[in-house]
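Structure data follow from model-v4.txt (compact mmCIF, C-alpha atoms):
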```
# COMPACT_ATOMS: atom_id res chain seq x y z
CA MET A 13 89.47 101.80 98.33
CA ASN A 14 87.15 98.89 99.12
CA ASP A 15 90.03 96.42 98.79
CA ALA A 16 92.57 98.61 100.62
CA PRO A 17 92.10 97.29 104.18
CA ALA A 18 92.70 93.62 103.33
CA ALA A 19 95.50 94.55 100.94
CA LEU A 20 97.41 96.46 103.62
CA LEU A 21 96.94 93.90 106.41
CA PRO A 22 100.00 91.87 105.32
CA VAL A 23 102.14 95.01 105.64
CA ALA A 24 100.97 95.50 109.22
CA LEU A 25 101.49 91.81 110.01
CA LYS A 26 105.08 91.91 108.75
CA ALA A 27 105.78 95.08 110.71
CA ALA A 28 104.40 93.45 113.86
CA GLU A 29 106.50 90.33 113.31
CA MET A 30 109.63 92.44 113.04
CA ALA A 31 108.70 94.49 116.10
CA SER A 32 107.92 91.38 118.16
CA GLU A 33 111.37 89.96 117.46
CA LEU A 34 112.99 93.19 118.66
CA VAL A 35 110.93 93.27 121.87
CA ARG A 36 111.64 89.61 122.67
CA THR A 37 115.39 89.80 122.06
CA ARG A 38 116.35 93.18 123.53
CA VAL A 39 116.63 94.30 127.13
CA PRO A 40 114.69 97.49 127.91
CA GLY A 41 117.88 99.57 128.22
CA LEU A 42 117.98 103.19 129.33
CA LEU A 43 114.67 104.63 130.48
CA THR A 44 113.58 108.11 129.39
CA ALA A 45 111.20 110.02 131.67
CA LYS A 46 108.03 111.29 129.96
CA GLY A 47 106.61 113.24 132.88
CA ASP A 48 105.22 112.18 136.22
CA ARG A 49 105.67 108.38 136.63
CA ASP A 50 105.71 107.77 132.87
CA MET A 51 108.60 106.47 130.82
CA ALA A 52 109.82 105.03 127.55
CA SER A 53 112.56 102.46 127.19
CA GLU A 54 115.26 102.26 124.56
CA VAL A 55 113.27 99.40 123.05
CA ASP A 56 110.21 101.65 122.64
CA TYR A 57 112.27 104.00 120.47
CA THR A 58 114.07 101.20 118.60
CA VAL A 59 110.84 99.43 117.73
CA GLU A 60 109.01 102.59 116.73
CA ARG A 61 111.82 103.66 114.40
CA ALA A 62 112.07 100.21 112.82
CA VAL A 63 108.32 99.98 112.26
CA ARG A 64 108.13 103.57 111.01
CA ASP A 65 110.96 102.95 108.53
CA TYR A 66 109.33 99.76 107.27
CA LEU A 67 105.89 101.32 106.85
CA GLU A 68 107.31 104.39 105.12
CA GLU A 69 109.22 102.14 102.73
CA ARG A 70 106.25 99.88 101.94
CA THR A 71 103.52 102.54 101.98
CA PRO A 72 105.26 105.87 101.25
CA ASP A 73 101.98 107.72 100.65
CA ILE A 74 100.64 106.98 104.15
CA ALA A 75 101.68 109.09 107.15
CA VAL A 76 102.82 107.36 110.34
CA LEU A 77 101.90 108.45 113.88
CA GLY A 78 103.94 106.90 116.69
CA GLU A 79 103.54 107.35 120.42
CA GLU A 80 107.17 108.28 121.03
CA GLU A 81 108.16 110.44 118.05
CA GLY A 82 104.93 111.86 116.65
CA ILE A 83 103.86 112.02 113.02
CA SER A 84 105.91 111.74 109.84
CA GLY A 85 105.18 111.54 106.13
CA ASP A 86 102.44 113.04 104.00
CA THR A 87 99.61 114.10 106.30
CA THR A 88 97.31 115.29 103.50
CA GLY A 89 95.97 111.84 102.65
CA ASP A 90 92.99 109.96 104.07
CA LEU A 91 95.08 107.15 105.61
CA LEU A 92 97.25 107.13 108.74
CA TRP A 93 99.23 104.41 110.45
CA ALA A 94 99.10 104.63 114.27
CA ILE A 95 101.66 102.61 116.21
CA ASP A 96 102.44 101.95 119.84
CA PRO A 97 105.80 100.16 119.90
CA VAL A 98 105.40 98.79 123.43
CA ASP A 99 102.00 99.19 125.05
CA GLY A 100 102.59 98.38 128.69
CA THR A 101 106.15 99.70 129.06
CA ALA A 102 105.91 99.63 132.87
CA ASN A 103 105.18 95.89 132.65
CA PHE A 104 107.89 95.33 130.04
CA VAL A 105 110.69 96.92 132.08
CA ARG A 106 109.73 94.77 135.11
CA ASP A 107 109.71 91.58 133.02
CA ILE A 108 105.94 91.22 133.39
CA PRO A 109 104.85 89.53 130.15
CA LEU A 110 101.71 91.64 129.70
CA CYS A 111 102.71 94.06 126.96
CA GLY A 112 101.95 94.39 123.29
CA ILE A 113 102.75 96.00 119.97
CA SER A 114 99.84 97.85 118.38
CA ILE A 115 99.73 98.77 114.68
CA GLY A 116 96.53 100.29 113.32
CA LEU A 117 95.56 101.85 110.00
CA ILE A 118 93.05 104.70 110.20
CA ALA A 119 90.95 105.92 107.27
CA LYS A 120 89.23 109.28 107.72
CA GLY A 121 89.32 108.90 111.49
CA ARG A 122 88.11 105.29 111.63
CA PRO A 123 90.41 102.26 112.05
CA ILE A 124 90.24 99.77 109.18
CA VAL A 125 93.24 97.48 109.83
CA GLY A 126 94.73 96.37 113.13
CA VAL A 127 97.45 94.05 114.41
CA ILE A 128 98.24 93.48 118.09
CA ASP A 129 101.22 91.26 118.86
CA LEU A 130 101.83 89.99 122.39
CA PRO A 131 105.49 89.02 122.13
CA PHE A 132 105.83 87.16 125.44
CA LEU A 133 102.50 85.34 125.11
CA GLY A 134 103.04 84.11 121.55
CA ALA A 135 99.81 85.67 120.29
CA ARG A 136 99.16 87.87 117.27
CA TYR A 137 95.67 89.28 116.74
CA HIS A 138 94.63 90.91 113.48
CA ALA A 139 91.66 92.25 111.60
CA ALA A 140 90.75 94.19 108.49
CA GLN A 141 87.42 95.87 107.96
CA HIS A 142 84.68 93.45 106.86
CA THR A 143 86.95 90.37 107.08
CA GLY A 144 86.56 89.35 110.73
CA ALA A 145 89.04 89.18 113.60
CA HIS A 146 91.63 86.47 114.01
CA LEU A 147 94.18 85.13 116.46
CA GLY A 148 96.74 83.68 114.10
CA ASP A 149 94.65 81.61 111.68
CA ARG A 150 91.70 81.21 114.07
CA ARG A 151 88.58 83.35 113.84
CA ILE A 152 87.70 84.92 117.19
CA ARG A 153 84.46 86.26 118.60
CA ALA A 154 83.50 88.46 121.53
CA SER A 155 81.90 86.74 124.52
CA MET A 156 78.24 85.85 124.77
CA THR A 157 77.99 86.86 128.44
CA THR A 158 74.62 88.46 129.16
CA ASN A 159 74.72 89.32 132.87
CA LEU A 160 77.05 91.81 134.56
CA LYS A 161 77.37 89.51 137.57
CA ASP A 162 79.10 86.98 135.31
CA ALA A 163 81.40 89.50 133.62
CA ILE A 164 85.15 89.92 133.93
CA VAL A 165 85.94 93.56 133.19
CA ALA A 166 89.34 95.18 132.67
CA ILE A 167 89.94 98.82 133.50
CA GLY A 168 92.77 101.08 132.37
CA ASP A 169 95.59 102.22 134.62
CA TYR A 170 95.05 104.99 137.11
CA ALA A 171 96.13 108.38 135.80
CA VAL A 172 99.52 110.00 136.41
CA GLY A 173 100.73 113.49 135.59
CA GLU A 174 98.80 116.74 135.49
CA GLY A 175 95.25 116.46 136.74
CA ALA A 176 95.76 112.90 137.96
CA GLU A 177 93.99 113.44 141.28
CA ALA A 178 90.73 114.55 139.67
CA LYS A 179 90.93 111.88 136.97
CA ASN A 180 91.53 109.18 139.55
CA ARG A 181 88.50 110.16 141.60
CA ARG A 182 86.44 109.09 138.57
CA ARG A 183 88.47 105.91 138.15
CA ILE A 184 88.13 104.97 141.80
CA ALA A 185 84.38 105.60 141.67
CA LEU A 186 84.20 103.41 138.57
CA THR A 187 86.20 100.68 140.31
CA GLU A 188 83.78 100.75 143.25
CA HIS A 189 80.75 100.43 140.98
CA LEU A 190 82.35 97.59 139.05
CA ALA A 191 83.35 95.79 142.25
CA ALA A 192 79.72 95.87 143.37
CA SER A 193 78.34 94.64 140.03
CA VAL A 194 80.65 92.31 138.09
CA GLN A 195 82.29 88.97 138.77
CA ARG A 196 85.89 90.26 138.71
CA VAL A 197 87.79 93.47 137.91
CA ARG A 198 91.21 93.33 136.26
CA MET A 199 93.88 95.98 135.63
CA LEU A 200 96.34 94.48 133.15
CA GLY A 201 98.31 97.63 132.37
CA THR A 202 97.89 97.58 128.59
CA VAL A 203 94.84 98.59 126.59
CA ALA A 204 96.15 96.52 123.66
CA ILE A 205 95.60 93.35 125.69
CA ASP A 206 92.30 94.65 127.08
CA LEU A 207 90.91 95.16 123.58
CA ALA A 208 92.39 91.96 122.11
CA TRP A 209 91.02 89.88 124.97
CA VAL A 210 87.56 91.46 124.64
CA ALA A 211 87.73 90.47 120.98
CA GLU A 212 88.71 86.91 121.93
CA GLY A 213 86.09 86.63 124.66
CA LYS A 214 88.59 86.26 127.52
CA LEU A 215 87.23 89.55 128.88
CA ASP A 216 83.63 90.69 128.71
CA ALA A 217 84.49 94.39 128.70
CA GLY A 218 87.46 96.72 128.74
CA ILE A 219 87.10 100.28 130.02
CA THR A 220 89.78 102.90 129.41
CA LEU A 221 88.95 106.50 130.31
CA SER A 222 91.18 107.93 127.59
CA ASN A 223 91.49 107.78 123.82
CA LYS A 224 94.83 107.95 122.01
CA PRO A 225 95.05 106.64 118.44
CA TRP A 226 98.32 104.75 118.88
CA ASP A 227 96.88 102.91 121.87
CA MET A 228 93.42 102.26 120.49
CA ALA A 229 93.31 102.04 116.68
CA ALA A 230 94.37 98.41 116.24
CA GLY A 231 92.34 97.13 119.16
CA ILE A 232 89.19 98.95 118.11
CA ILE A 233 89.01 97.34 114.66
CA ILE A 234 89.94 93.92 116.08
CA ALA A 235 87.22 94.17 118.75
CA ARG A 236 84.60 95.42 116.30
CA GLU A 237 85.38 92.74 113.74
CA ALA A 238 85.01 90.17 116.53
CA GLY A 239 81.49 91.43 117.22
CA ALA A 240 82.19 93.59 120.26
CA ASN A 241 80.73 97.05 120.61
CA VAL A 242 83.15 99.95 121.08
CA ILE A 243 81.59 103.06 122.59
CA ASP A 244 82.36 106.32 124.35
CA GLN A 245 81.45 106.71 128.01
CA ASP A 246 78.06 108.25 127.11
CA GLY A 247 77.10 105.11 125.18
CA THR A 248 77.55 106.61 121.71
CA ASP A 249 79.63 104.90 119.04
CA HIS A 250 83.36 105.39 119.61
CA THR A 251 85.12 107.90 117.37
CA PHE A 252 88.49 109.55 117.56
CA ASP A 253 86.84 112.50 119.29
CA SER A 254 85.63 110.24 122.11
CA SER A 255 86.92 110.86 125.64
CA ALA A 256 86.99 107.17 126.57
CA THR A 257 87.31 103.77 124.93
CA ILE A 258 84.91 101.09 126.13
CA ALA A 259 84.72 97.71 124.40
CA THR A 260 81.99 95.32 125.49
CA ALA A 261 80.36 92.03 124.69
CA PRO A 262 77.22 92.96 122.73
CA ALA A 263 74.71 92.00 125.42
CA LEU A 264 76.50 94.05 128.10
CA THR A 265 76.80 97.38 126.29
CA HIS A 266 73.73 98.99 127.84
CA ASP A 267 74.59 97.81 131.37
CA ILE A 268 78.21 98.95 131.12
CA ALA A 269 77.11 102.37 129.82
CA ALA A 270 74.63 102.68 132.70
CA LEU A 271 77.31 101.72 135.21
CA LEU A 272 79.63 104.37 133.79
CA HIS A 273 76.85 106.95 134.13
CA ASP A 274 76.24 105.93 137.74
CA ALA A 275 79.95 106.28 138.53
CA GLU A 276 79.80 109.89 137.32
CA THR A 277 77.04 110.91 139.69
```
Translate the structure described by the file into structure tokens.
Amino acid sequence: MNDAPAALLPVALKAAEMASELVRTRVPGLLTAKGDRDMASEVDYTVERAVRDYLEERTPDIAVLGEEEGISGDTTGDLLWAIDPVDGTANFVRDIPLCGISIGLIAKGRPIVGVIDLPFLGARYHAAQHTGAHLGDRRIRASMTTNLKDAIVAIGDYAVGEGAEAKNRRRIALTEHLAASVQRVRMLGTVAIDLAWVAEGKLDAGITLSNKPWDMAAGIIIAREAGANVIDQDGTDHTFDSSATIATAPALTHDIAALLHDAET
């Protein structure tokens, strides 16, 4: 099992390469409503099915969880692929190039392999446990920023659907606290990019007040392998039972956790 993460990274990389080609060469097509102001495009389904088929062929003993069509395969094992075929669909259908493909491998609830491909930015991030994080062939590291006033922080989209009003009161309070404390606040519309850019040091923190394995798994291992801290909103280490996903430059973790606490009160 010690060699498994690095051994399975090439499978994830090939799946991401295939998915990226589909996203770059297909128009979004028919949109399917997924509730209040949420949607999936034909490309979301096409990519998820192609990646699922490839992973099931190459790793038949590992179950696959996709955002659009749920889980398939043998769910009794310790490993699980988690895939988001197009993270940032709202951007994708408007031809905004901020979207990504996220493919993560989870072992006993903890991500051990991750690939994030940004098809319109020509960037592919990847990591396997204990081997570091990379952008292509280049090793990447989280930022060395030490002061909140110098930090650029990304936040997740505002909520839609059931309970959105209450959820967004928290998000708006968080935005106000960030605006008063950090250099700039960004809302990019895709947690895959938030986490990849924290790993690369483009962002000093990314705060998403939710936690879904297809969205987060790949980015969490990439950020951690780059030296970032990934925590829940109470400052504890992030797990798949966490209610939020916060990735930070190491020196900012305490300050970001304190800011989140202040936004709650």
### Task
List every protein, DNA or RNA residue that has an atom no more than 7 Å from (87.4, 108.9, 124.0) in the file's coordinate frame, counting all atoms listed in the file, and report them as a list in words.
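Within the cut-off we find Leu221, Ser222, Asn223, Asp244, His250, Phe252, Asp253, Ser254, Ser255, Ala256 and Thr257 of chain A.
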### Nearest residue to A:Ala119 from the set A:Pro225, A:Gly148, A:Gly85, A:Gly168 (distances using only C-alpha atoms)
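Of the candidates, the smallest distance to A:Ala119 is held by A:Pro225.
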### Query
Quick one: residues within 12 Å of A:Glu33, only C-alpha atoms counted, chain neighbours fewer than 2 positions away excluded, as number ranges by chain?
A: 26-31, 35-39, 55, 58-59, 62-63, 97, 112-113, 129-132, 134
Dump as a PDB file, in the frame of the given file, selection limited to C-alpha atoms:
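Produced file result05.pdb, reproduced below:
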```pdb
ATOM      1  CA  LYS A  26     105.080  91.910 108.750  1.00  0.00           C
ATOM      2  CA  ALA A  27     105.780  95.080 110.710  1.00  0.00           C
ATOM      3  CA  ALA A  28     104.400  93.450 113.860  1.00  0.00           C
ATOM      4  CA  GLU A  29     106.500  90.330 113.310  1.00  0.00           C
ATOM      5  CA  MET A  30     109.630  92.440 113.040  1.00  0.00           C
ATOM      6  CA  ALA A  31     108.700  94.490 116.100  1.00  0.00           C
ATOM      7  CA  VAL A  35     110.930  93.270 121.870  1.00  0.00           C
ATOM      8  CA  ARG A  36     111.640  89.610 122.670  1.00  0.00           C
ATOM      9  CA  THR A  37     115.390  89.800 122.060  1.00  0.00           C
ATOM     10  CA  ARG A  38     116.350  93.180 123.530  1.00  0.00           C
ATOM     11  CA  VAL A  39     116.630  94.300 127.130  1.00  0.00           C
ATOM     12  CA  VAL A  55     113.270  99.400 123.050  1.00  0.00           C
ATOM     13  CA  THR A  58     114.070 101.200 118.600  1.00  0.00           C
ATOM     14  CA  VAL A  59     110.840  99.430 117.730  1.00  0.00           C
ATOM     15  CA  ALA A  62     112.070 100.210 112.820  1.00  0.00           C
ATOM     16  CA  VAL A  63     108.320  99.980 112.260  1.00  0.00           C
ATOM     17  CA  PRO A  97     105.800 100.160 119.900  1.00  0.00           C
ATOM     18  CA  GLY A 112     101.950  94.390 123.290  1.00  0.00           C
ATOM     19  CA  ILE A 113     102.750  96.000 119.970  1.00  0.00           C
ATOM     20  CA  ASP A 129     101.220  91.260 118.860  1.00  0.00           C
ATOM     21  CA  LEU A 130     101.830  89.990 122.390  1.00  0.00           C
ATOM     22  CA  PRO A 131     105.490  89.020 122.130  1.00  0.00           C
ATOM     23  CA  PHE A 132     105.830  87.160 125.440  1.00  0.00           C
ATOM     24  CA  GLY A 134     103.040  84.110 121.550  1.00  0.00           C
TER      25      GLY A 134
END
```
### Task
Have a look at atom CA of A:Ala185 and atom CA of A:Asp169 and let me know their distance in Å, one decimal.
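Atom CA of A:Asp169 lies 13.7 Å from atom CA of A:Ala185.
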### Query
Quick one, how far is atom CA of A:Asp246 from atom CA of A:Ile219?
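Result for atom CA of A:Asp246 versus atom CA of A:Ile219: 12.4 Å, one decimal.
Protein and nucleic acid residues near (79.9, 87.3, 121.0) are Ile152, Arg153, Ala154, Ser155, Met156, Thr157, Thr158, Val210, Ala211, Glu212, Gly213, Asp216, Ala238, Gly239, Ala240, Asn241, Thr260, Ala261, Pro262 and Ala263 of chain A, the criterion being any atom at most 10 Å away using all atoms listed in the file.
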#### Entry: Gap from atom CA of A:Glu80 to atom CA of A:Ala102 - Å, one decimal
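Separating atom CA of A:Glu80 from atom CA of A:Ala102 is a distance of 14.7 Å.
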### Counting only C-alpha atoms, the option among A:Ala52, A:Thr220, A:Asp96, A:Ala176 closest to A:Asp206
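Residue with the minimum atom-to-atom distance to A:Asp206: A:Thr220.
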### Query
Smallest atom-to-atom distance to A:Gly121: which of A:Lys161, A:Arg136, A:Leu91, A:Asp99, using only C-alpha atoms?
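Closest candidate: A:Leu91.
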### Task
Find, counting all atoms listed in the file, the residue in A:Lys179, A:His138, A:His273, A:Lys224 that gets nearest to A:Val23.
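Once distances to A:Val23 are computed over all atoms listed in the file, the minimum belongs to A:His138.
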### Counting only C-alpha atoms, the option among A:Arg106, A:Arg236, A:Arg61, A:His266 closest to A:Gly126
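That would be A:Arg236, the residue with the smallest distance to A:Gly126.
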### Message
Taking all atoms listed in the file into account, name the residue in A:Val172, A:Val105, A:Leu215, A:Ala259 that is nearest to A:Met199.
### Response
A:Leu215
